[in-house]
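> One file: entry-v3.csv (CSV, C-alpha atoms).
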```csv
chain,number,residue,atom,x,y,z
A,1,MET,CA,-43.8,-80.3,100.2
A,2,LYS,CA,-45.8,-77.9,98.0
A,3,LEU,CA,-46.8,-78.5,94.4
A,4,GLU,CA,-47.7,-76.8,91.2
A,5,GLN,CA,-48.9,-78.6,88.1
A,6,LEU,CA,-49.5,-76.8,84.8
A,7,LEU,CA,-50.1,-77.5,81.1
A,8,LEU,CA,-48.0,-75.8,78.4
A,9,ASP,CA,-49.3,-75.8,74.9
A,10,ASN,CA,-47.4,-75.3,71.6
A,11,ASN,CA,-48.1,-71.6,71.7
A,12,SER,CA,-46.2,-71.4,75.0
A,13,GLU,CA,-49.5,-70.6,76.8
A,14,SER,CA,-49.7,-72.2,80.3
A,15,THR,CA,-52.7,-73.3,82.3
A,16,ILE,CA,-52.4,-74.1,86.0
A,17,VAL,CA,-54.4,-77.1,86.9
A,18,ASN,CA,-53.2,-77.6,90.5
A,19,VAL,CA,-51.3,-75.5,93.1
A,20,SER,CA,-50.6,-75.8,96.8
A,21,ASP,CA,-51.3,-72.9,99.1
A,22,GLY,CA,-48.2,-70.9,99.5
A,23,PHE,CA,-46.3,-72.4,96.6
A,24,ASP,CA,-43.5,-70.1,95.4
A,25,THR,CA,-42.1,-70.6,91.9
A,26,ASP,CA,-38.7,-69.2,93.0
A,27,ARG,CA,-38.5,-71.8,95.8
A,28,ALA,CA,-39.3,-74.8,93.6
A,29,THR,CA,-36.7,-77.5,94.0
A,30,LEU,CA,-37.5,-79.9,91.2
A,31,VAL,CA,-39.5,-79.6,87.9
A,32,LEU,CA,-40.6,-82.8,86.0
A,33,ALA,CA,-41.8,-82.0,82.5
A,34,PHE,CA,-43.3,-84.7,80.2
A,35,GLY,CA,-44.3,-84.4,76.5
A,36,GLU,CA,-44.3,-86.2,73.2
A,37,ARG,CA,-40.9,-86.2,71.4
A,38,GLU,CA,-42.1,-84.3,68.4
A,39,PHE,CA,-43.8,-81.7,70.7
A,40,LEU,CA,-40.6,-81.2,72.6
A,41,GLU,CA,-38.6,-80.8,69.4
A,42,ASP,CA,-41.0,-78.1,68.2
A,43,LEU,CA,-41.4,-76.2,71.4
A,44,MET,CA,-37.9,-76.5,73.0
A,45,PRO,CA,-39.5,-75.7,76.4
A,46,TYR,CA,-36.5,-75.4,78.6
A,47,LYS,CA,-36.1,-71.6,78.3
A,48,ILE,CA,-39.8,-71.2,79.2
A,49,LEU,CA,-39.5,-73.4,82.3
A,50,ARG,CA,-36.3,-71.8,83.4
A,51,ALA,CA,-37.9,-68.4,83.3
A,52,ARG,CA,-40.7,-69.6,85.6
A,53,TYR,CA,-38.7,-71.8,87.9
A,54,LYS,CA,-35.5,-69.8,88.3
A,55,ASN,CA,-33.8,-72.0,91.0
A,56,ALA,CA,-35.2,-75.4,90.3
A,57,GLU,CA,-33.5,-78.5,88.8
A,58,ILE,CA,-35.4,-79.2,85.6
A,59,VAL,CA,-35.8,-82.6,83.9
A,60,ILE,CA,-37.6,-83.0,80.6
A,61,CYS,CA,-38.7,-86.4,79.2
A,62,SER,CA,-40.3,-87.6,76.0
A,63,THR,CA,-43.3,-89.9,76.4
A,64,SER,CA,-46.0,-92.0,74.8
A,65,GLY,CA,-48.6,-89.8,76.6
A,66,GLN,CA,-48.4,-87.8,79.8
A,67,ILE,CA,-50.5,-87.9,83.0
A,68,SER,CA,-52.2,-85.0,84.8
A,69,ASP,CA,-54.4,-86.2,87.6
A,70,THR,CA,-57.1,-88.4,85.9
A,71,SER,CA,-56.4,-87.2,82.4
A,72,LEU,CA,-54.2,-88.6,79.6
A,73,ILE,CA,-52.7,-85.4,78.0
A,74,GLU,CA,-51.5,-85.3,74.4
A,75,ASN,CA,-49.9,-82.4,72.5
A,76,LYS,CA,-49.2,-80.5,75.7
A,77,LEU,CA,-46.4,-80.5,78.2
A,78,VAL,CA,-47.4,-81.6,81.7
A,79,VAL,CA,-45.2,-79.7,84.2
A,80,THR,CA,-45.1,-80.7,87.9
A,81,ALA,CA,-43.0,-78.4,90.1
A,82,ILE,CA,-42.1,-79.6,93.6
A,83,GLU,CA,-41.0,-77.3,96.5
A,84,PHE,CA,-39.4,-79.6,99.0
A,85,GLU,CA,-39.2,-78.2,102.5
A,86,LYS,CA,-36.9,-80.7,104.2
A,87,THR,CA,-35.5,-82.8,101.4
A,88,THR,CA,-32.5,-82.0,99.2
A,89,ILE,CA,-31.8,-83.4,95.7
A,90,LYS,CA,-28.9,-83.8,93.3
A,91,LEU,CA,-28.9,-84.6,89.6
A,92,PHE,CA,-26.7,-86.9,87.6
A,93,GLU,CA,-26.5,-87.0,83.8
A,94,PHE,CA,-25.1,-89.8,81.6
A,95,ASN,CA,-25.2,-89.9,77.8
A,96,ILE,CA,-25.2,-93.5,76.6
A,97,SER,CA,-25.2,-92.6,72.9
A,98,LYS,CA,-21.7,-91.1,73.5
A,99,GLU,CA,-20.4,-93.7,76.0
A,100,ARG,CA,-22.0,-96.6,74.1
A,101,ASN,CA,-22.1,-98.7,77.3
A,102,LEU,CA,-22.5,-98.5,81.0
A,103,SER,CA,-18.8,-99.3,81.8
A,104,SER,CA,-18.1,-95.9,83.5
A,105,PHE,CA,-21.6,-95.5,84.9
A,106,ASN,CA,-21.0,-97.3,88.2
A,107,SER,CA,-18.0,-95.4,89.5
A,108,ARG,CA,-19.3,-92.0,88.4
A,109,ILE,CA,-22.7,-92.4,90.2
A,110,LYS,CA,-21.0,-93.6,93.4
A,111,HIS,CA,-18.9,-90.4,93.3
A,112,SER,CA,-21.8,-88.1,92.4
A,113,LEU,CA,-24.8,-89.4,94.2
A,114,VAL,CA,-24.2,-92.1,96.8
A,115,ASN,CA,-23.7,-91.2,100.5
A,116,THR,CA,-25.3,-92.1,103.8
A,117,GLU,CA,-28.1,-89.6,103.4
A,118,LEU,CA,-29.4,-90.9,100.1
A,119,ASN,CA,-33.1,-91.7,100.4
A,120,SER,CA,-34.0,-92.9,96.9
A,121,ILE,CA,-33.2,-92.5,93.2
A,122,LEU,CA,-35.6,-91.5,90.4
A,123,VAL,CA,-34.5,-92.7,87.0
A,124,LEU,CA,-35.7,-91.1,83.7
A,125,SER,CA,-33.7,-92.8,80.9
A,126,GLU,CA,-33.8,-92.6,77.2
A,127,GLY,CA,-35.6,-95.8,75.9
A,128,SER,CA,-34.0,-96.4,72.5
A,129,PHE,CA,-30.3,-97.3,73.1
A,130,VAL,CA,-30.2,-98.5,76.7
A,131,ASN,CA,-30.5,-102.1,77.8
A,132,GLY,CA,-33.0,-101.6,80.7
A,133,THR,CA,-32.0,-104.8,82.4
A,134,GLU,CA,-28.3,-103.8,82.5
A,135,LEU,CA,-29.3,-100.3,83.7
A,136,VAL,CA,-31.2,-101.6,86.7
A,137,GLN,CA,-28.5,-104.2,87.5
A,138,GLU,CA,-25.9,-101.4,87.6
A,139,LEU,CA,-28.1,-99.3,89.9
A,140,GLU,CA,-28.7,-102.2,92.2
A,141,SER,CA,-25.0,-102.9,92.4
A,142,ILE,CA,-24.2,-99.3,93.1
A,143,THR,CA,-26.7,-99.1,96.0
A,144,GLU,CA,-26.2,-102.7,97.2
A,145,SER,CA,-30.0,-103.1,96.8
A,146,LYS,CA,-30.5,-100.9,99.9
A,147,ILE,CA,-32.0,-97.8,98.3
A,148,PRO,CA,-35.3,-97.8,96.4
A,149,ILE,CA,-35.0,-96.9,92.8
A,150,TYR,CA,-38.0,-96.1,90.5
A,151,GLY,CA,-38.9,-94.3,87.2
A,152,GLY,CA,-39.0,-95.4,83.6
A,153,LEU,CA,-37.7,-95.4,80.1
A,154,ALA,CA,-38.7,-92.4,77.9
A,155,GLY,CA,-41.3,-93.0,75.1
A,156,ASP,CA,-41.9,-91.8,71.6
A,157,SER,CA,-45.7,-92.3,71.2
A,158,VAL,CA,-46.0,-95.5,69.1
A,159,ASN,CA,-43.3,-94.3,66.7
A,160,PHE,CA,-40.3,-96.2,68.2
A,161,LYS,CA,-37.9,-93.8,66.4
A,162,LYS,CA,-36.1,-91.9,69.1
A,163,THR,CA,-36.5,-90.9,72.8
A,164,MET,CA,-35.2,-87.9,74.6
A,165,VAL,CA,-34.4,-86.7,78.1
A,166,GLY,CA,-33.1,-83.3,79.2
A,167,VAL,CA,-31.2,-82.3,82.4
A,168,ASN,CA,-31.3,-78.6,83.0
A,169,GLY,CA,-31.6,-78.2,79.2
A,170,ASN,CA,-33.8,-79.2,76.3
A,171,ALA,CA,-34.3,-82.9,75.8
A,172,LYS,CA,-31.8,-84.8,73.6
A,173,GLU,CA,-31.1,-88.4,72.5
A,174,GLY,CA,-29.1,-90.8,74.6
A,175,THR,CA,-29.5,-89.1,78.1
A,176,ILE,CA,-30.0,-91.0,81.3
A,177,ALA,CA,-31.1,-88.7,84.2
A,178,LEU,CA,-30.8,-89.8,87.8
A,179,ILE,CA,-32.3,-87.7,90.6
A,180,GLY,CA,-31.1,-88.5,94.1
A,181,PHE,CA,-33.2,-87.5,97.1
A,182,TYR,CA,-31.6,-87.0,100.5
A,183,GLY,CA,-32.7,-87.0,104.1
A,184,ASP,CA,-35.3,-89.0,106.1
A,185,ALA,CA,-38.3,-86.6,105.7
A,186,LEU,CA,-39.4,-88.1,102.4
A,187,LYS,CA,-41.6,-91.2,102.9
A,188,LEU,CA,-42.2,-93.4,99.8
A,189,ASN,CA,-44.5,-96.3,99.1
A,190,PHE,CA,-44.6,-98.4,95.9
A,191,GLY,CA,-47.1,-100.4,93.8
A,192,CYS,CA,-46.6,-102.4,90.6
A,193,GLU,CA,-49.1,-104.5,88.8
A,194,GLY,CA,-49.8,-105.9,85.4
A,195,GLY,CA,-53.3,-107.4,85.1
A,196,TRP,CA,-52.5,-109.5,82.0
A,197,SER,CA,-53.9,-113.1,81.7
A,198,ASP,CA,-51.8,-116.2,81.0
A,199,TYR,CA,-52.2,-117.5,77.5
A,200,GLY,CA,-50.7,-120.9,76.6
A,201,PRO,CA,-48.3,-123.2,78.5
A,202,GLU,CA,-45.1,-122.2,80.3
A,203,ARG,CA,-42.0,-123.0,78.2
A,204,GLU,CA,-38.2,-122.8,78.7
A,205,VAL,CA,-36.0,-120.4,76.8
A,206,ASN,CA,-33.5,-122.7,75.2
A,207,GLN,CA,-31.3,-120.2,73.4
A,208,SER,CA,-30.9,-116.4,74.1
A,209,GLU,CA,-28.3,-113.7,74.3
A,210,LYS,CA,-29.2,-110.8,76.7
A,211,ASN,CA,-32.5,-109.5,75.3
A,212,VAL,CA,-32.5,-111.5,72.1
A,213,VAL,CA,-34.4,-114.8,72.2
A,214,TYR,CA,-33.7,-117.5,69.5
A,215,GLN,CA,-35.5,-120.6,70.8
A,216,ILE,CA,-38.4,-121.3,73.2
A,217,GLY,CA,-39.5,-124.8,74.0
A,218,ASN,CA,-37.1,-126.2,71.3
A,219,ARG,CA,-38.8,-124.2,68.7
A,220,LEU,CA,-37.6,-121.1,66.8
A,221,ALA,CA,-38.9,-118.3,68.9
A,222,LEU,CA,-40.6,-116.2,66.2
A,223,ASP,CA,-42.3,-119.2,64.6
A,224,LEU,CA,-43.7,-120.3,68.0
A,225,TYR,CA,-44.9,-116.7,68.8
A,226,LYS,CA,-46.6,-116.3,65.4
A,227,GLU,CA,-48.4,-119.6,65.8
A,228,TYR,CA,-50.1,-118.3,68.9
A,229,LEU,CA,-50.8,-114.9,67.5
A,230,GLY,CA,-52.7,-116.2,64.5
A,231,SER,CA,-54.0,-113.3,62.4
A,232,TYR,CA,-52.2,-110.8,64.7
A,233,ALA,CA,-48.9,-112.2,63.4
A,234,ASP,CA,-49.2,-110.2,60.2
A,235,GLU,CA,-49.0,-107.0,62.2
A,236,LEU,CA,-45.8,-107.7,64.1
A,237,PRO,CA,-43.9,-106.2,65.8
A,238,GLY,CA,-46.6,-103.7,66.6
A,239,SER,CA,-49.2,-106.3,67.6
A,240,ALA,CA,-46.7,-107.7,70.1
A,241,LEU,CA,-47.9,-105.0,72.5
A,242,TYR,CA,-51.1,-107.0,72.8
A,243,PHE,CA,-49.3,-110.2,73.7
A,244,PRO,CA,-46.3,-109.7,76.1
A,245,LEU,CA,-44.3,-112.5,77.7
A,246,SER,CA,-44.3,-113.3,81.4
A,247,MET,CA,-40.8,-114.4,82.5
A,248,LYS,CA,-39.4,-116.1,85.6
A,249,GLU,CA,-35.6,-116.4,85.8
A,250,SER,CA,-36.1,-119.4,88.3
A,251,SER,CA,-38.9,-121.3,89.9
A,252,SER,CA,-38.7,-119.1,93.0
A,253,ALA,CA,-38.4,-115.8,91.2
A,254,SER,CA,-41.2,-113.3,90.9
A,255,PRO,CA,-42.5,-113.0,87.3
A,256,VAL,CA,-41.8,-109.9,85.3
A,257,VAL,CA,-43.3,-108.9,81.9
A,258,ARG,CA,-41.2,-108.4,78.8
A,259,THR,CA,-42.4,-106.6,75.6
A,260,ILE,CA,-41.1,-107.3,72.1
A,261,LEU,CA,-39.2,-104.4,70.5
A,262,SER,CA,-38.3,-106.0,67.1
A,263,ILE,CA,-38.3,-109.3,65.2
A,264,ASP,CA,-35.7,-110.8,62.8
A,265,GLU,CA,-37.3,-112.9,60.1
A,266,THR,CA,-33.8,-114.3,59.0
A,267,THR,CA,-32.8,-115.7,62.4
A,268,LYS,CA,-36.5,-116.1,63.6
A,269,SER,CA,-35.5,-114.3,66.8
A,270,MET,CA,-37.2,-111.7,68.9
A,271,THR,CA,-35.6,-108.7,70.7
A,272,PHE,CA,-37.2,-107.7,74.0
A,273,ALA,CA,-37.1,-104.5,76.1
A,274,GLY,CA,-35.2,-106.4,78.8
A,275,ASN,CA,-33.0,-109.4,79.1
A,276,ILE,CA,-34.5,-112.9,79.0
A,277,PRO,CA,-31.7,-115.3,80.1
A,278,GLN,CA,-31.3,-118.9,78.8
A,279,GLY,CA,-33.2,-121.3,81.0
A,280,ALA,CA,-35.8,-118.8,82.0
A,281,MET,CA,-39.5,-119.9,81.9
A,282,VAL,CA,-41.8,-117.8,79.8
A,283,ARG,CA,-45.5,-117.7,79.1
A,284,LEU,CA,-47.5,-115.7,76.6
A,285,MET,CA,-50.0,-113.2,78.0
A,286,LYS,CA,-53.0,-111.3,76.7
A,287,GLY,CA,-54.9,-108.2,77.8
A,288,ASN,CA,-58.3,-108.0,79.5
A,289,PHE,CA,-59.8,-104.6,79.9
A,290,ASP,CA,-61.2,-105.2,83.4
A,291,LYS,CA,-58.1,-106.9,84.7
A,292,LEU,CA,-55.8,-104.2,83.5
A,293,ILE,CA,-57.9,-101.5,85.2
A,294,ASN,CA,-58.2,-103.5,88.4
A,295,ALA,CA,-54.4,-103.8,88.3
A,296,ALA,CA,-54.2,-100.0,88.5
A,297,TYR,CA,-56.4,-100.0,91.5
A,298,ASP,CA,-54.3,-102.7,93.2
A,299,ALA,CA,-51.1,-100.8,92.5
A,300,ALA,CA,-52.6,-97.7,94.0
A,301,THR,CA,-53.7,-99.7,97.1
A,302,GLU,CA,-50.2,-101.2,97.5
A,303,SER,CA,-48.7,-97.7,97.5
A,304,SER,CA,-51.2,-96.0,99.7
A,305,ASN,CA,-50.3,-94.6,103.1
A,306,LYS,CA,-53.0,-95.8,105.4
A,307,ASN,CA,-52.4,-92.9,107.8
A,308,ASN,CA,-52.1,-90.0,105.4
A,309,ALA,CA,-53.2,-89.4,101.8
A,310,PRO,CA,-50.1,-89.1,99.6
A,311,GLN,CA,-49.2,-85.6,98.5
A,312,LEU,CA,-47.9,-86.8,95.1
A,313,ALA,CA,-48.4,-90.0,93.1
A,314,PHE,CA,-45.8,-90.5,90.4
A,315,ILE,CA,-47.1,-93.0,87.8
A,316,VAL,CA,-45.3,-94.8,85.0
A,317,SER,CA,-47.5,-97.0,82.8
A,318,CYS,CA,-46.6,-98.9,79.7
A,319,VAL,CA,-47.4,-97.7,76.2
A,320,GLY,CA,-48.8,-101.3,75.6
A,321,ARG,CA,-51.4,-100.7,78.2
A,322,LYS,CA,-52.4,-97.4,76.5
A,323,ILE,CA,-52.8,-99.2,73.2
A,324,VAL,CA,-54.8,-102.1,74.5
A,325,LEU,CA,-57.1,-100.0,76.8
A,326,ASP,CA,-57.5,-97.3,74.0
A,327,ASN,CA,-60.5,-95.1,74.9
A,328,ARG,CA,-60.8,-96.7,78.3
A,329,ILE,CA,-57.2,-95.6,79.3
A,330,GLU,CA,-58.3,-92.9,81.7
A,331,GLU,CA,-60.1,-95.5,83.8
A,332,GLU,CA,-56.8,-96.7,85.2
A,333,LEU,CA,-56.0,-93.2,86.3
A,334,GLU,CA,-59.5,-92.7,87.8
A,335,ALA,CA,-59.1,-96.0,89.7
A,336,MET,CA,-55.9,-94.6,91.3
A,337,LYS,CA,-57.4,-91.2,92.1
A,338,VAL,CA,-60.4,-92.8,93.9
A,339,THR,CA,-57.9,-94.8,96.0
A,340,PHE,CA,-55.7,-91.9,96.9
A,341,GLY,CA,-58.4,-89.3,97.4
A,342,PRO,CA,-58.9,-85.8,96.0
A,343,SER,CA,-55.9,-84.1,97.7
A,344,THR,CA,-53.3,-86.3,95.9
A,345,VAL,CA,-51.7,-84.8,92.8
A,346,LEU,CA,-51.1,-87.4,90.0
A,347,CYS,CA,-48.3,-87.0,87.5
A,348,GLY,CA,-46.2,-89.3,85.3
A,349,PHE,CA,-46.1,-90.7,81.7
A,350,TYR,CA,-46.6,-93.7,79.4
A,351,SER,CA,-43.3,-95.3,78.8
A,352,TYR,CA,-41.2,-97.9,77.0
A,353,GLY,CA,-40.3,-99.6,80.3
A,354,GLU,CA,-41.1,-99.2,84.0
A,355,ILE,CA,-38.6,-99.3,86.9
A,356,SER,CA,-39.9,-100.2,90.3
A,357,PRO,CA,-39.2,-102.4,93.3
A,358,ILE,CA,-41.4,-105.5,93.5
A,359,VAL,CA,-40.1,-107.3,96.6
A,360,GLU,CA,-38.4,-105.9,99.7
A,361,HIS,CA,-34.9,-107.2,99.0
A,362,LYS,CA,-34.9,-105.8,95.4
A,363,ALA,CA,-34.0,-102.1,95.0
A,364,CYS,CA,-35.6,-102.1,91.5
A,365,GLU,CA,-36.7,-104.2,88.6
A,366,LEU,CA,-37.3,-103.5,84.9
A,367,HIS,CA,-40.9,-104.1,84.0
A,368,ASN,CA,-42.9,-104.0,80.7
A,369,GLN,CA,-46.7,-103.7,80.3
A,370,THR,CA,-47.1,-102.8,84.0
A,371,ILE,CA,-48.5,-99.8,85.8
A,372,THR,CA,-46.1,-98.6,88.6
A,373,VAL,CA,-46.6,-95.9,91.2
A,374,VAL,CA,-44.6,-94.3,93.9
A,375,THR,CA,-46.3,-92.1,96.4
A,376,PHE,CA,-44.5,-89.1,98.1
A,377,ASN,CA,-45.1,-87.7,101.6
A,378,GLU,CA,-42.7,-85.2,103.1
A,379,ARG,CA,-43.3,-84.9,106.9
```
Please express the file's structure as structure tokens.

Amino acid sequence: MKLEQLLLDNNSESTIVNVSDGFDTDRATLVLAFGEREFLEDLMPYKILRARYKNAEIVICSTSGQISDTSLIENKLVVTAIEFEKTTIKLFEFNISKERNLSSFNSRIKHSLVNTELNSILVLSEGSFVNGTELVQELESITESKIPIYGGLAGDSVNFKKTMVGVNGNAKEGTIALIGFYGDALKLNFGCEGGWSDYGPEREVNQSEKNVVYQIGNRLALDLYKEYLGSYADELPGSALYFPLSMKESSSASPVVRTILSIDETTKSMTFAGNIPQGAMVRLMKGNFDKLINAAYDAATESSNKNNAPQLAFIVSCVGRKIVLDNRIEEELEAMKVTFGPSTVLCGFYSYGEISPIVEHKACELHNQTITVVTFNER
């Protein structure tokens, strides 16, 4: 596997920040390009990328900030081109804004992507229309939880207006992109951590419908949440990024984090980025700078290959972490770089939701407010 990473500005000027010996743009297999939604709409970069990488599959995704090694990049496109030597790939595109649901998703993916050589699936999904929980459930069903699945939901800075993904074309609304990797030469390792601290007692969700929660602990959900937020309640829903919920579907389940997308003052309900089923146990959480940064170190350690430094680390971190860490945000990237070593190239983006395995028997899980990483080695 050989790599090239470059930055593209709004004048279409490019700067190469990392390139492997012998990398050939004409032999690039896959190009991942990340940029803010407004930047993508202004630049429309697909034609530029296609001119440089003539034979590659190209996927473009809007973000809440993009990652290039230890730097958070804004107002530039971060382009990572991968030249696989032993691994083949295949793309699948689904537009949920046209289909409106995932009813035809399952059969079409089975036909297009799934075979005995499938190694893993990278998901880059729009983050405005899709129910992330239902998306990962469909993916687990399709693969029978036997294939690792990872990626994230596109972002839109902190605007929450619209998100965009492009598959061999400029990014547009409603697109879900799946990239299938085939063969046994590609070796993957995963890490996923939060670093948030518990805040308040654990309570049962008494009434909910998919990702909308109406009652927690026999209280109206929004009233209870506001009581704990105090002065931050006046800044909802934006301030909710500082106070996510930890959720366990059962006493034996691993906890996952859920972020609020919107509130309804009439019904006193809260809508989350993933499902919170009735009967689940939830607990409020709050951020701590050092714990959040230590979580990035832990995620990198989990995904490290003890025998070989990863060639590529693909990172998806939540926009909520970016807001809380603020001017310390690059410390979580630096913690990962120190763990992996100087030869590993880091790429990825800040998202509206992260997709990653958390336990061996799960192909994937939707997370919020986490930092996830998958490391690539082609041997």
> Using only C-alpha atoms, which of the listed residues (A:Ala81, A:Ile58, A:Cys364, A:Ala33) sits closest to A:Phe349?
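That would be A:Ala33, the residue with the smallest distance to A:Phe349.
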> By how many Å are atom CA of A:Thr63 and atom CA of A:Glu140 apart?
24.8 Å
> So which residues touch A:Glu41 within 12 Å, counting only C-alpha atoms, skipping near sequence neighbours fewer than 3 positions away, as a PyMOL selection string?
chain A and resi 10+35-38+44-46+60-62+75+77+156+162-166+170-173
> Those residues with C-alpha atoms, as a compact mmCIF listing (two decimals), keeping the file's coordinate frame please?

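Writing the result to again-v6.txt gives the following:
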```
# COMPACT_ATOMS: atom_id res chain seq x y z
CA ASN A 10 -47.40 -75.30 71.60
CA GLY A 35 -44.30 -84.40 76.50
CA GLU A 36 -44.30 -86.20 73.20
CA ARG A 37 -40.90 -86.20 71.40
CA GLU A 38 -42.10 -84.30 68.40
CA MET A 44 -37.90 -76.50 73.00
CA PRO A 45 -39.50 -75.70 76.40
CA TYR A 46 -36.50 -75.40 78.60
CA ILE A 60 -37.60 -83.00 80.60
CA CYS A 61 -38.70 -86.40 79.20
CA SER A 62 -40.30 -87.60 76.00
CA ASN A 75 -49.90 -82.40 72.50
CA LEU A 77 -46.40 -80.50 78.20
CA ASP A 156 -41.90 -91.80 71.60
CA LYS A 162 -36.10 -91.90 69.10
CA THR A 163 -36.50 -90.90 72.80
CA MET A 164 -35.20 -87.90 74.60
CA VAL A 165 -34.40 -86.70 78.10
CA GLY A 166 -33.10 -83.30 79.20
CA ASN A 170 -33.80 -79.20 76.30
CA ALA A 171 -34.30 -82.90 75.80
CA LYS A 172 -31.80 -84.80 73.60
CA GLU A 173 -31.10 -88.40 72.50
```
> Do you know which residues are at most 7 Å from stretch 24-27 of chain A counting only C-alpha atoms, after dropping those on the same chain fewer than 6 positions away, and could you put them as a list in words?
Arg52, Tyr53, Lys54, Asn55 and Glu83 of chain A
> Name the closest residue to A:Leu40 among the candidates A:Asn159, A:Gly169, A:Leu325, A:Gly348; distances are taken between atoms, counting all atoms listed in the file.
A:Gly169
> Check the smallest atom-to-atom distance from each of A:Leu139, A:Met285, A:Leu222, A:Ile89 to A:Asp264 using all atoms listed in the file, then report the winner.
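Residue with the minimum atom-to-atom distance to A:Asp264: A:Leu222.
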> When distances are computed from only C-alpha atoms, which of A:Gly22, A:Gly132, A:Gly200, A:Gly151 shows the smallest separation from A:Pro357?
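Comparing A:Gly22, A:Gly132, A:Gly200, A:Gly151 against A:Pro357, the winner is A:Gly151.
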> At what distance in Å, to one decimal, does atom CA of A:Ser128 lie from atom CA of A:Ser351?
11.3 Å
> Taking only C-alpha atoms into account, which of A:Glu134, A:Glu193, A:Glu330, A:Glu74 comes nearest A:Thr372?
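Counting only C-alpha atoms, the residue closest to A:Thr372 is A:Glu193.
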